[in-house]
Amino acid sequence: MVSKILKKTPTKPTKDRRNHRRRRKSTPLKNVTNATSFFIASINKSIYTCQRRLIKIFTKFTNIGTPNRRKQGFHILKKCPISKDEEEKQQLLGKDNNNHIRRSLNFNNVFVLPPSLLPERRTIFLDLDETLIHSTTDPSPERFDFIVRPRIEGEVMNFYVLKRPGVDEFLESISKEFEIVVFTAGLKEYASLVLDKIDRNGVISHRLFRDSCKEMDGRFVKDLSQIGRDLKNVVLVDDNPNAYIFQPDNALPVRPFIDDLQDRELENVRRFFEGSDCFEDMRDAVKKYIWEGEQKQQVLEMF
């Protein structure tokens with residue numbers, strides 16, 4: 001009886017069952033779901049591709065804005081803006097002369113020199129006018145070594161410059177053992193042209209001008225406490241006592257130079273620096289030098 005019932009129970013052939021399964025997979029709901037999944041996957045892939053492209057683009061911008069220090073840093077420093085007079089001078093010379101012109105840094109109106117290339121060397125700050133040279137404007141004097149023509153407040157002016165006797169030998173000699181910085185109260189437009197003339201060999205490491213001085217009661221004072229050097233290793237050579245009222249112990253006074261071609265003041269200064277290596281503090285060397293000078297002056301006054 002059971003066998004008869006089983007035989008009469010309708011069954012689907014294997015082929016029909018496969019067709020039925022295929023028809024079930026292709027129902028409209030399934031198609032919508034598959035299409036949605038494919039669409040979402042495409043969007044995700046597009047977003048990922050865009051992210052990768054954006055990362056590459058921003059990486060390129062970062063590389064452009066951040067120079068390679070080992071390869072590009074020096075060239076970027078050489079391309080810093082220069083004055084019109086310096087540019088004209090370089091064109092006349094037919095070469096880039098910026099290698100001998102190093103800059104000071106300015107942080108919140110406080111001038112700090114870059115670290116010395118030779119930290120073991122002491123630093124000599126040299127005044128310019130009446131210490132290394134003397135200059136006058138028109139009319140032309142009888143004696144002068146060269147002329148500079150800076151543009152000051154829109155007007156070109158003639159300065160006739162006379163070098164102090166022995167200045168070339170002096171700079172060359174002290175540069176072998178000391179870091180040389182010219183610190184002048186003169187305007188940059190004028191002083192930079194003068195220094196280009198007297199520093200042909202590039203022995204001056206840095207240049208500080210009037211904008212690095214502090215003005216007090218109409219006087220320009222050179223504050224050595226804010227230039228990034230230990231004061232025990234610093235000497236300022238200057239003819240003007242007003243310039244070193246903040247650090248008189250660091251100042252080596254010299255007689256002002258005008259036009260005396262028999263002047264030998266720089267020879268005395270050179271001998272002072274040659275004998276200063278036995279002092280740990282340059283201020284002690286300055287005191288000894290000044291004391292000896294006063295003793296000699298007293299002896300001369302006696303005769």
# chains A, B, ... in the order shown; residues from 1 in each chain; ligands from 1
call {"tool": "residues_around", "arguments": {"residues": "A:Asp223", "least_positions_apart": "5", "cutoff": "10 Å", "atoms": "only C-alpha atoms", "output": "PyMOL selection string"}}
result
chain A and resi 111+212-214+243-247
call {"tool": "write_last_selection", "arguments": {"atoms": "N, CA, C and O atoms", "output": "PDB file, in the first residue's frame"}}
result
ATOM      1  N   PHE A 111      68.739  90.822  17.293  1.00  0.00           N
ATOM      2  CA  PHE A 111      69.633  90.304  16.270  1.00  0.00           C
ATOM      3  C   PHE A 111      70.564  89.277  16.873  1.00  0.00           C
ATOM      4  O   PHE A 111      71.291  89.558  17.832  1.00  0.00           O
ATOM      5  N   SER A 212      70.828  97.128  13.493  1.00  0.00           N
ATOM      6  CA  SER A 212      71.153  96.199  14.572  1.00  0.00           C
ATOM      7  C   SER A 212      71.534  96.924  15.851  1.00  0.00           C
ATOM      8  O   SER A 212      71.760  96.275  16.877  1.00  0.00           O
ATOM      9  N   CYS A 213      71.634  98.253  15.799  1.00  0.00           N
ATOM     10  CA  CYS A 213      71.988  99.051  16.973  1.00  0.00           C
ATOM     11  C   CYS A 213      70.730  99.436  17.759  1.00  0.00           C
ATOM     12  O   CYS A 213      69.620  99.364  17.246  1.00  0.00           O
ATOM     13  N   LYS A 214      70.950  99.863  18.991  1.00  0.00           N
ATOM     14  CA  LYS A 214      69.878 100.408  19.809  1.00  0.00           C
ATOM     15  C   LYS A 214      70.080 101.918  19.914  1.00  0.00           C
ATOM     16  O   LYS A 214      71.175 102.384  20.214  1.00  0.00           O
ATOM     17  N   ALA A 243      79.314 103.933  21.636  1.00  0.00           N
ATOM     18  CA  ALA A 243      78.885 102.681  21.012  1.00  0.00           C
ATOM     19  C   ALA A 243      78.918 101.511  21.982  1.00  0.00           C
ATOM     20  O   ALA A 243      78.202 100.528  21.789  1.00  0.00           O
ATOM     21  N   TYR A 244      79.738 101.585  23.036  1.00  0.00           N
ATOM     22  CA  TYR A 244      79.899 100.423  23.926  1.00  0.00           C
ATOM     23  C   TYR A 244      79.567 100.745  25.379  1.00  0.00           C
ATOM     24  O   TYR A 244      80.168 100.187  26.301  1.00  0.00           O
ATOM     25  N   ILE A 245      78.604 101.631  25.597  1.00  0.00           N
ATOM     26  CA  ILE A 245      78.243 101.985  26.966  1.00  0.00           C
ATOM     27  C   ILE A 245      77.598 100.806  27.705  1.00  0.00           C
ATOM     28  O   ILE A 245      77.592 100.771  28.941  1.00  0.00           O
ATOM     29  N   PHE A 246      77.046  99.828  26.993  1.00  0.00           N
ATOM     30  CA  PHE A 246      76.440  98.666  27.648  1.00  0.00           C
ATOM     31  C   PHE A 246      77.498  97.664  28.129  1.00  0.00           C
ATOM     32  O   PHE A 246      77.329  97.041  29.172  1.00  0.00           O
ATOM     33  N   GLN A 247      78.557  97.504  27.360  1.00  0.00           N
ATOM     34  CA  GLN A 247      79.616  96.543  27.709  1.00  0.00           C
ATOM     35  C   GLN A 247      80.987  97.206  27.568  1.00  0.00           C
ATOM     36  O   GLN A 247      81.772  96.856  26.678  1.00  0.00           O
TER      37      GLN A 247
END
call {"tool": "closest_residue", "arguments": {"among": "A:Val194, A:Val148, A:Leu231, A:Ile290", "to": "A:Asp129", "atoms": "only C-alpha atoms"}}
result
A:Val194
call {"tool": "residues_around", "arguments": {"residues": "A:Arg283", "least_positions_apart": "6", "cutoff": "9 Å", "atoms": "only C-alpha atoms", "output": "ChimeraX atom specification"}}
result
/A:231-235,249-251
call {"tool": "closest_residue", "arguments": {"among": "A:His206, A:Lys176, A:Lys163, A:Arg151", "to": "A:Leu126", "atoms": "only C-alpha atoms"}}
result
A:His206
call {"tool": "atom_distance", "arguments": {"atom1": "atom CA of A:Glu120", "atom2": "atom CA of A:Asp239"}}
result
27.3 Å
call {"tool": "residues_around", "arguments": {"residues": "A:Pro115", "least_positions_apart": "4", "cutoff": "10 Å", "atoms": "only C-alpha atoms", "output": "PyMOL selection string"}}
result
chain A and resi 119+227-229
call {"tool": "closest_residue", "arguments": {"among": "A:Phe279, A:Phe183, A:Phe144, A:Tyr160", "to": "A:Ser205", "atoms": "only C-alpha atoms"}}
result
A:Phe183
call {"tool": "atom_distance", "arguments": {"atom1": "atom CA of A:Arg264", "atom2": "atom CA of A:Gly166"}}
result
7.5 Å
call {"tool": "atom_distance", "arguments": {"atom1": "atom CA of A:Ser116", "atom2": "atom CA of A:Gly202"}}
result
15.2 Å
call {"tool": "select_by_dssp", "arguments": {"residues": "stretch 227-258 of chain A", "states": "strand (DSSP E or B)", "output": "PDB file with N, CA, C and O atoms, in the first residue's frame"}}
result
ATOM      1  N   VAL A 234      84.497  87.850  23.427  1.00  0.00           N
ATOM      2  CA  VAL A 234      84.116  88.913  22.493  1.00  0.00           C
ATOM      3  C   VAL A 234      84.883  90.192  22.801  1.00  0.00           C
ATOM      4  O   VAL A 234      85.059  90.565  23.973  1.00  0.00           O
ATOM      5  N   VAL A 235      85.319  90.889  21.739  1.00  0.00           N
ATOM      6  CA  VAL A 235      85.932  92.212  21.864  1.00  0.00           C
ATOM      7  C   VAL A 235      85.361  93.105  20.763  1.00  0.00           C
ATOM      8  O   VAL A 235      85.258  92.680  19.608  1.00  0.00           O
ATOM      9  N   LEU A 236      85.006  94.334  21.135  1.00  0.00           N
ATOM     10  CA  LEU A 236      84.543  95.327  20.177  1.00  0.00           C
ATOM     11  C   LEU A 236      85.622  96.390  20.009  1.00  0.00           C
ATOM     12  O   LEU A 236      86.018  97.044  20.981  1.00  0.00           O
ATOM     13  N   VAL A 237      86.110  96.574  18.789  1.00  0.00           N
ATOM     14  CA  VAL A 237      87.104  97.593  18.469  1.00  0.00           C
ATOM     15  C   VAL A 237      86.361  98.785  17.883  1.00  0.00           C
ATOM     16  O   VAL A 237      85.781  98.683  16.797  1.00  0.00           O
ATOM     17  N   ASP A 238      86.398  99.934  18.596  1.00  0.00           N
ATOM     18  CA  ASP A 238      85.582 101.079  18.182  1.00  0.00           C
ATOM     19  C   ASP A 238      86.232 102.371  18.657  1.00  0.00           C
ATOM     20  O   ASP A 238      86.847 102.416  19.726  1.00  0.00           O
ATOM     21  N   ALA A 251      85.245  96.474  25.296  1.00  0.00           N
ATOM     22  CA  ALA A 251      85.602  97.420  24.247  1.00  0.00           C
ATOM     23  C   ALA A 251      87.092  97.723  24.253  1.00  0.00           C
ATOM     24  O   ALA A 251      87.693  97.996  25.304  1.00  0.00           O
ATOM     25  N   LEU A 252      87.669  97.681  23.072  1.00  0.00           N
ATOM     26  CA  LEU A 252      89.061  98.071  22.867  1.00  0.00           C
ATOM     27  C   LEU A 252      89.050  99.419  22.134  1.00  0.00           C
ATOM     28  O   LEU A 252      88.825  99.467  20.926  1.00  0.00           O
ATOM     29  N   PRO A 253      89.283 100.524  22.847  1.00  0.00           N
ATOM     30  CA  PRO A 253      89.199 101.851  22.216  1.00  0.00           C
ATOM     31  C   PRO A 253      90.368 102.075  21.254  1.00  0.00           C
ATOM     32  O   PRO A 253      91.494 101.642  21.501  1.00  0.00           O
TER      33      PRO A 253
END
call {"tool": "residues_around", "arguments": {"residues": "A:Ala285", "least_positions_apart": "3", "cutoff": "6 Å", "atoms": "only C-alpha atoms", "output": "list in words"}}
result
Ser276, Met282 and Lys288 of chain A
call {"tool": "residues_around", "arguments": {"residues": "stretch 208-210 of chain A", "least_positions_apart": "3", "cutoff": "7 Å", "atoms": "only C-alpha atoms", "output": "list in words"}}
result
Val182, Phe183, Thr184, Ala185, Gly186, Leu187, Lys188 and Cys213 of chain A
call {"tool": "write_last_selection", "arguments": {"atoms": "C-alpha atoms", "output": "compact mmCIF listing (two decimals), in the first residue's frame"}}
result
# COMPACT_ATOMS: atom_id res chain seq x y z
CA VAL A 182 81.81 94.27 11.25
CA PHE A 183 79.35 96.10 13.48
CA THR A 184 78.71 99.62 12.20
CA ALA A 185 76.19 102.34 12.95
CA GLY A 186 76.29 103.27 9.27
CA LEU A 187 73.40 102.66 6.93
CA LYS A 188 73.39 99.33 5.14
CA CYS A 213 71.99 99.05 16.97
call {"tool": "select_by_dssp", "arguments": {"residues": "stretch 75-295 of chain A", "states": "helix (DSSP H, G or I)", "output": "VMD selection string"}}
result
chain A and resid 75 to 78 84 to 93 98 to 100 167 to 174 188 to 198 210 to 212 224 to 226 231 to 233 241 to 244 248 to 250 265 to 274 276 to 278 282 to 295
call {"tool": "closest_residue", "arguments": {"among": "A:Gln295, A:Thr123, A:Asn201, A:Asn158", "to": "A:Phe178", "atoms": "only C-alpha atoms"}}
result
A:Thr123
